[in-house]
Amino acid sequence: MNTSVATHDAEALVPVHVTVNGAPYGASVPARRLLSDFLRHDLRLTGTHVGCEHGVCGACTILLDGEPVRSCLMFAVQAVGHEVTTVEGCGTIESMGPVQQAFTECHGLQCGFCTPGFITTITAFLKENPAPTQDEAREAISGNLCRCTGYQNIVKSVLRAAEIAGEQAGKTR
Amino acid sequence: MKPAPFVHHAPRTLDEAVAVLAEVGHDGKVLAGGQSLIPMLSMRLAAPAHLVDINGVAGLDSLTVDGGYVRVGATVRHRGVERSEEGYAVLPLLRQALLNVAHPAIRNRGTTVGSIAHADAAGEMPSIAVLTDAVIEVRGPQGSREIAAGEFFTGPLETELAADELVTAVRFGRFAPGTRTGFVESARRSGDYAMAGVGVALTAAEGTVTAARASFVSVTDVPDVLDLTPVLAGASAGDIASRSDDLVTAVREHVAPEGDIHATADYRRMLAAELTRRLVAEVMSR
Ligand SMILES: Cc1cc2nc3c(=O)[nH]c(=O)nc-3n(C[C@H](O)[C@H](O)[C@H](O)COP(=O)(O)OP(=O)(O)OC[C@H]3O[C@@H](n4cnc5c(N)ncnc54)[C@H](O)[C@@H]3O)c2cc1C
Ligand code: FES
Ligand code: FES
């Protein structure tokens, strides 16, 4: 190494190009930009919510290459080369995904603050376990906090989402 | 809050990573899964000027079974270790313990080696490292060295590692044939840090115990092994209950918990002993 790494500028802007919900996005941000803030502030994808910012509440959960991770516990620069899926990528108002559909049917949300994190978490969980028991559904959401619902209807939503996904898979077969 | 500004280094090779770390020294921190470090940065409990991100370093992302060990590279996620069928076949204790580490979303990013380098007494994997007589593989400006897990941990969040050194892998030791293992903990909520936890390894021949050891989570400053052989040797599944009093006494004397808002020290001591009693009975009955 010829140039001293110790003299690099900590506030320098770094170009970050990532695929979010299948589309290319880019912005130049400082290295300390959290992925959660990058999505919300730089890319204006405000579906991802930020609650605790230290990994505990789960509101900011996104899918990184299909696996749920906390977007508040990653830097935007670390997402380069990865596929990010946010709640916006889990369906639209016109064409909701199975988990979103189940949440509306089962009254799985009240204020909705926690919901984006539940939708992404449950979407990934059902890929791994398409027909969960009630206990498994409860365990699957244990890393997401909700201050409103008392969780009962979210557990119902998980089970209902599994049914809807199963019906849809049956139809397309 | 947001992390303070830092320079992000993304070395591609181990040599590069070690060179950057040597240059930035105490101003630098290794960034692995970030699941402990990033919260500390966001809360401004730490504000290093440089982060040496090892996620892109070639050659650190594999889990291999080699001889008497399961070797886990520095960028293998908790989830990768948990899901490894190869690892589970020879050392089921890894998965048994990992299922208690946080939630899947945290395990998808957090690394098993990172949690050992972090050396939290409430972490499951430091405890598993000592229980399996693991070897910590370290690389620094002076080259490579190996540290036995029993000597690696020096205090809460403190290890033998120097600021310019990197853990490249941890080799978890496999147990003698005839050894059965188990892990159990009690937390306020599934996935939370445990109020107390315990892992055991019981070796038996012809149905009676020949060797037994345990290590604990959240009830000792530094993870260390409690040799239960004197208490359990010769016991069989049928008469293990007759050893309960001695077993409980041994655990109560070994642990040194501190109280906090989740549980008093007394309660944690009671919990550690009772969890051990139940786990030993359960493992013996399999
Ligand atoms: C909500 C939440 C709940 C959690 N619950 C638990 C739990 O129940 N049990 C548990 O054990 N853990 C828990 N964790 C922590 C998690 O397991 C972390 O992944 C782990 O402690 C650290 O691993 P990491 O790869 O994320 O390391 P990082 O956060 O990247 O680093 C942690 C520290 O270790 C150092 N470090 C990391 N890797 C290396 C290396 N290869 N060489 C030298 N130094 C290194 C870093 O410099 C830093 O100081 C939880 C985390 C969160 C956010
Ligand atoms: S905001 Fe990320 S887990 Fe709470
Ligand atoms: S619906 Fe309000 S926090 Fe969950």
# chains A, B, ... in the order shown; residues from 1 in each chain; ligands from 1
>>> residues_near_ligand(ligand="ligand 1", cutoff="7 Å", atoms="only C-alpha atoms and all ligand atoms", output="PyMOL selection string")
(chain A and resi 54-56) or (chain B and resi 29-39+74+100-103+106-107+109-115+117-118+122-125+165-168+191-194)
>>> residues_around(residues="Gly178 of chain B", least_positions_apart="2", cutoff="8 Å", atoms="only C-alpha atoms", output="MDAnalysis selection string")
chainID B and resid 176 180 203:205
>>> interface_residues(of="chain A", to="chain B", cutoff="10 Å", atoms="only C-alpha atoms", output="PDB file with N, CA and C atoms, in the first residue's frame")
ATOM      1  N   MET A   1       0.841  -1.208   0.000  1.00  0.00           N
ATOM      2  CA  MET A   1       0.000   0.000   0.000  1.00  0.00           C
ATOM      3  C   MET A   1       0.871   1.251   0.000  1.00  0.00           C
ATOM      4  N   SER A   4      -1.336   6.294   2.548  1.00  0.00           N
ATOM      5  CA  SER A   4      -1.725   5.947   3.905  1.00  0.00           C
ATOM      6  C   SER A   4      -3.244   5.881   4.011  1.00  0.00           C
ATOM      7  N   VAL A   5      -3.760   4.752   4.507  1.00  0.00           N
ATOM      8  CA  VAL A   5      -5.212   4.620   4.639  1.00  0.00           C
ATOM      9  C   VAL A   5      -5.740   5.506   5.757  1.00  0.00           C
ATOM     10  N   ALA A   6      -4.857   5.856   6.677  1.00  0.00           N
ATOM     11  CA  ALA A   6      -5.299   6.605   7.856  1.00  0.00           C
ATOM     12  C   ALA A   6      -5.730   8.030   7.506  1.00  0.00           C
ATOM     13  N   THR A   7      -5.362   8.508   6.298  1.00  0.00           N
ATOM     14  CA  THR A   7      -5.694   9.898   5.941  1.00  0.00           C
ATOM     15  C   THR A   7      -6.976   9.997   5.115  1.00  0.00           C
ATOM     16  N   HIS A   8      -7.635   8.864   4.837  1.00  0.00           N
ATOM     17  CA  HIS A   8      -8.890   8.933   4.064  1.00  0.00           C
ATOM     18  C   HIS A   8      -9.922   9.798   4.789  1.00  0.00           C
ATOM     19  N   ASP A   9     -10.836  10.394   3.993  1.00  0.00           N
ATOM     20  CA  ASP A   9     -11.835  11.283   4.551  1.00  0.00           C
ATOM     21  C   ASP A   9     -13.084  10.506   4.973  1.00  0.00           C
ATOM     22  N   ALA A  10     -13.420  10.609   6.257  1.00  0.00           N
ATOM     23  CA  ALA A  10     -14.558   9.855   6.792  1.00  0.00           C
ATOM     24  C   ALA A  10     -15.897  10.385   6.288  1.00  0.00           C
ATOM     25  N   GLU A  11     -15.930  11.636   5.813  1.00  0.00           N
ATOM     26  CA  GLU A  11     -17.200  12.203   5.337  1.00  0.00           C
ATOM     27  C   GLU A  11     -17.345  12.097   3.820  1.00  0.00           C
ATOM     28  N   ALA A  12     -16.348  11.520   3.153  1.00  0.00           N
ATOM     29  CA  ALA A  12     -16.399  11.408   1.687  1.00  0.00           C
ATOM     30  C   ALA A  12     -17.660  10.662   1.255  1.00  0.00           C
ATOM     31  N   VAL A  14     -19.673   8.090  -1.016  1.00  0.00           N
ATOM     32  CA  VAL A  14     -19.363   6.852  -1.719  1.00  0.00           C
ATOM     33  C   VAL A  14     -20.568   6.520  -2.613  1.00  0.00           C
ATOM     34  N   PRO A  30     -22.367   9.080   2.615  1.00  0.00           N
ATOM     35  CA  PRO A  30     -21.217   8.790   3.470  1.00  0.00           C
ATOM     36  C   PRO A  30     -21.256   7.334   3.938  1.00  0.00           C
ATOM     37  N   ALA A  31     -20.086   6.790   4.281  1.00  0.00           N
ATOM     38  CA  ALA A  31     -19.992   5.376   4.670  1.00  0.00           C
ATOM     39  C   ALA A  31     -20.860   5.056   5.877  1.00  0.00           C
ATOM     40  N   ARG A  32     -21.088   6.060   6.724  1.00  0.00           N
ATOM     41  CA  ARG A  32     -21.848   5.773   7.939  1.00  0.00           C
ATOM     42  C   ARG A  32     -23.359   5.715   7.719  1.00  0.00           C
ATOM     43  N   ARG A  33     -23.827   5.914   6.461  1.00  0.00           N
ATOM     44  CA  ARG A  33     -25.275   5.878   6.206  1.00  0.00           C
ATOM     45  C   ARG A  33     -25.820   4.472   6.440  1.00  0.00           C
ATOM     46  N   LEU A  34     -26.751   4.342   7.381  1.00  0.00           N
ATOM     47  CA  LEU A  34     -27.379   3.041   7.633  1.00  0.00           C
ATOM     48  C   LEU A  34     -28.232   2.673   6.415  1.00  0.00           C
ATOM     49  N   ASP A  37     -31.694   4.155   6.580  1.00  0.00           N
ATOM     50  CA  ASP A  37     -31.788   5.573   6.201  1.00  0.00           C
ATOM     51  C   ASP A  37     -31.578   5.765   4.705  1.00  0.00           C
ATOM     52  N   CYS A  52     -36.282   1.271  16.733  1.00  0.00           N
ATOM     53  CA  CYS A  52     -35.294   1.339  17.815  1.00  0.00           C
ATOM     54  C   CYS A  52     -33.899   1.690  17.334  1.00  0.00           C
ATOM     55  N   GLU A  53     -33.606   1.357  16.082  1.00  0.00           N
ATOM     56  CA  GLU A  53     -32.278   1.537  15.497  1.00  0.00           C
ATOM     57  C   GLU A  53     -31.183   0.768  16.240  1.00  0.00           C
ATOM     58  N   HIS A  54     -31.521  -0.278  16.973  1.00  0.00           N
ATOM     59  CA  HIS A  54     -30.458  -1.167  17.438  1.00  0.00           C
ATOM     60  C   HIS A  54     -30.820  -2.647  17.362  1.00  0.00           C
ATOM     61  N   GLY A  55     -31.660  -2.981  16.434  1.00  0.00           N
ATOM     62  CA  GLY A  55     -31.863  -4.393  16.112  1.00  0.00           C
ATOM     63  C   GLY A  55     -32.962  -5.091  16.878  1.00  0.00           C
ATOM     64  N   VAL A  56     -33.600  -4.398  17.815  1.00  0.00           N
ATOM     65  CA  VAL A  56     -34.510  -5.074  18.731  1.00  0.00           C
ATOM     66  C   VAL A  56     -35.961  -5.140  18.225  1.00  0.00           C
ATOM     67  N   GLY A  58     -37.414  -4.808  15.045  1.00  0.00           N
ATOM     68  CA  GLY A  58     -37.730  -5.529  13.811  1.00  0.00           C
ATOM     69  C   GLY A  58     -38.484  -4.735  12.766  1.00  0.00           C
ATOM     70  N   THR A  61     -36.933  -4.505   9.220  1.00  0.00           N
ATOM     71  CA  THR A  61     -36.501  -5.750   8.571  1.00  0.00           C
ATOM     72  C   THR A  61     -36.778  -5.731   7.063  1.00  0.00           C
ATOM     73  N   ILE A  62     -35.752  -6.038   6.295  1.00  0.00           N
ATOM     74  CA  ILE A  62     -35.852  -6.151   4.830  1.00  0.00           C
ATOM     75  C   ILE A  62     -35.315  -7.522   4.453  1.00  0.00           C
ATOM     76  N   LEU A  63     -35.450  -7.885   3.192  1.00  0.00           N
ATOM     77  CA  LEU A  63     -34.856  -9.140   2.743  1.00  0.00           C
ATOM     78  C   LEU A  63     -33.597  -8.815   1.947  1.00  0.00           C
ATOM     79  N   LEU A  64     -32.500  -9.440   2.341  1.00  0.00           N
ATOM     80  CA  LEU A  64     -31.226  -9.276   1.641  1.00  0.00           C
ATOM     81  C   LEU A  64     -30.962 -10.613   0.952  1.00  0.00           C
ATOM     82  N   GLU A  67     -33.214 -13.244   2.385  1.00  0.00           N
ATOM     83  CA  GLU A  67     -33.177 -13.587   3.813  1.00  0.00           C
ATOM     84  C   GLU A  67     -33.453 -12.341   4.654  1.00  0.00           C
ATOM     85  N   PRO A  68     -34.274 -12.456   5.709  1.00  0.00           N
ATOM     86  CA  PRO A  68     -34.563 -11.265   6.518  1.00  0.00           C
ATOM     87  C   PRO A  68     -33.336 -10.774   7.291  1.00  0.00           C
ATOM     88  N   VAL A  69     -33.094  -9.488   7.233  1.00  0.00           N
ATOM     89  CA  VAL A  69     -32.045  -8.857   8.049  1.00  0.00           C
ATOM     90  C   VAL A  69     -32.563  -7.494   8.518  1.00  0.00           C
ATOM     91  N   ARG A  70     -31.916  -6.980   9.570  1.00  0.00           N
ATOM     92  CA  ARG A  70     -32.261  -5.636  10.046  1.00  0.00           C
ATOM     93  C   ARG A  70     -31.557  -4.601   9.174  1.00  0.00           C
ATOM     94  N   SER A  71     -32.314  -3.711   8.535  1.00  0.00           N
ATOM     95  CA  SER A  71     -31.633  -2.704   7.701  1.00  0.00           C
ATOM     96  C   SER A  71     -30.967  -1.632   8.553  1.00  0.00           C
ATOM     97  N   CYS A  72     -31.326  -1.550   9.846  1.00  0.00           N
ATOM     98  CA  CYS A  72     -30.656  -0.574  10.723  1.00  0.00           C
ATOM     99  C   CYS A  72     -29.314  -1.105  11.209  1.00  0.00           C
ATOM    100  N   LEU A  73     -29.017  -2.389  10.954  1.00  0.00           N
ATOM    101  CA  LEU A  73     -27.740  -2.962  11.399  1.00  0.00           C
ATOM    102  C   LEU A  73     -26.850  -3.329  10.213  1.00  0.00           C
ATOM    103  N   MET A  74     -26.984  -2.520   9.161  1.00  0.00           N
ATOM    104  CA  MET A  74     -26.104  -2.653   7.996  1.00  0.00           C
ATOM    105  C   MET A  74     -25.843  -1.262   7.484  1.00  0.00           C
ATOM    106  N   PHE A  75     -24.686  -1.078   6.864  1.00  0.00           N
ATOM    107  CA  PHE A  75     -24.435   0.189   6.185  1.00  0.00           C
ATOM    108  C   PHE A  75     -24.814   0.044   4.722  1.00  0.00           C
ATOM    109  N   VAL A  77     -23.313   0.997   2.128  1.00  0.00           N
ATOM    110  CA  VAL A  77     -22.184   0.541   1.294  1.00  0.00           C
ATOM    111  C   VAL A  77     -22.041  -0.983   1.304  1.00  0.00           C
ATOM    112  N   GLN A  78     -22.578  -1.621   2.352  1.00  0.00           N
ATOM    113  CA  GLN A  78     -22.464  -3.076   2.421  1.00  0.00           C
ATOM    114  C   GLN A  78     -23.514  -3.788   1.573  1.00  0.00           C
ATOM    115  N   THR A 121     -40.577 -10.317   7.273  1.00  0.00           N
ATOM    116  CA  THR A 121     -40.165 -11.467   8.082  1.00  0.00           C
ATOM    117  C   THR A 121     -41.021 -12.694   7.758  1.00  0.00           C
ATOM    118  N   PHE A 125     -40.232 -16.335   6.082  1.00  0.00           N
ATOM    119  CA  PHE A 125     -40.502 -17.514   6.916  1.00  0.00           C
ATOM    120  C   PHE A 125     -41.348 -18.541   6.167  1.00  0.00           C
ATOM    121  N   ARG A 138     -45.862 -18.325  15.973  1.00  0.00           N
ATOM    122  CA  ARG A 138     -45.577 -17.442  17.100  1.00  0.00           C
ATOM    123  C   ARG A 138     -44.061 -17.245  17.243  1.00  0.00           C
ATOM    124  N   GLU A 139     -43.324 -18.338  17.143  1.00  0.00           N
ATOM    125  CA  GLU A 139     -41.863 -18.280  17.231  1.00  0.00           C
ATOM    126  C   GLU A 139     -41.291 -17.418  16.090  1.00  0.00           C
ATOM    127  N   ALA A 140     -41.878 -17.554  14.912  1.00  0.00           N
ATOM    128  CA  ALA A 140     -41.361 -16.844  13.730  1.00  0.00           C
ATOM    129  C   ALA A 140     -41.446 -15.330  13.889  1.00  0.00           C
ATOM    130  N   ILE A 141     -42.417 -14.855  14.650  1.00  0.00           N
ATOM    131  CA  ILE A 141     -42.568 -13.403  14.800  1.00  0.00           C
ATOM    132  C   ILE A 141     -41.991 -12.903  16.124  1.00  0.00           C
ATOM    133  N   SER A 142     -41.268 -13.781  16.834  1.00  0.00           N
ATOM    134  CA  SER A 142     -40.794 -13.388  18.168  1.00  0.00           C
ATOM    135  C   SER A 142     -39.740 -12.290  18.118  1.00  0.00           C
ATOM    136  N   GLY A 143     -39.144 -12.043  16.953  1.00  0.00           N
ATOM    137  CA  GLY A 143     -38.151 -10.972  16.853  1.00  0.00           C
ATOM    138  C   GLY A 143     -38.731  -9.652  16.367  1.00  0.00           C
ATOM    139  N   ASN A 144     -40.051  -9.560  16.314  1.00  0.00           N
ATOM    140  CA  ASN A 144     -40.689  -8.312  15.877  1.00  0.00           C
ATOM    141  C   ASN A 144     -41.631  -7.815  16.971  1.00  0.00           C
TER     142      ASN A 144
END
>>> residues_around(residues="His254 of chain B", least_positions_apart="2", cutoff="12 Å", atoms="only C-alpha atoms", output="list of chain:residue names")
B:Ala214, B:Ser215, B:Phe216, B:Val219, B:Thr220, B:Asp221, B:Val222, B:Pro223, B:Asp224, B:Val225, B:Leu226, B:Asp227, B:Leu228, B:Leu247, B:Val248, B:Thr249, B:Ala250, B:Val251, B:Arg252, B:Ala256, B:Pro257, B:Arg269, B:Met270, B:Ala272, B:Ala273
>>> closest_residue(among="A:Val155, A:Leu145, A:Leu109, A:Val29", to="Ile122 of chain A", atoms="only C-alpha atoms")
A:Val155
>>> closest_residue(among="B:Met195, B:Ala47, B:Val283, B:Ile261", to="Ala121 of chain B", atoms="only C-alpha atoms")
B:Met195
>>> residues_near_ligand(ligand="ligand 3", cutoff="12 Å", atoms="only C-alpha atoms and all ligand atoms", output="ChimeraX atom specification")
/A:49-51,57-59,103-104,107-119,141,144-154
>>> select_by_dssp(residues="segment 5-161 of chain A", states="helix (DSSP H, G or I)", output="VMD selection string")
chain A and resid 5 to 7 35 to 42 71 to 73 76 to 79 87 to 90 98 to 106 115 to 128 134 to 140 152 to 161
>>> select_by_dssp(residues="segment 186-224 of chain B", states="strand (DSSP E or B)", output="ChimeraX atom specification")
/B:186,196-205,208-217
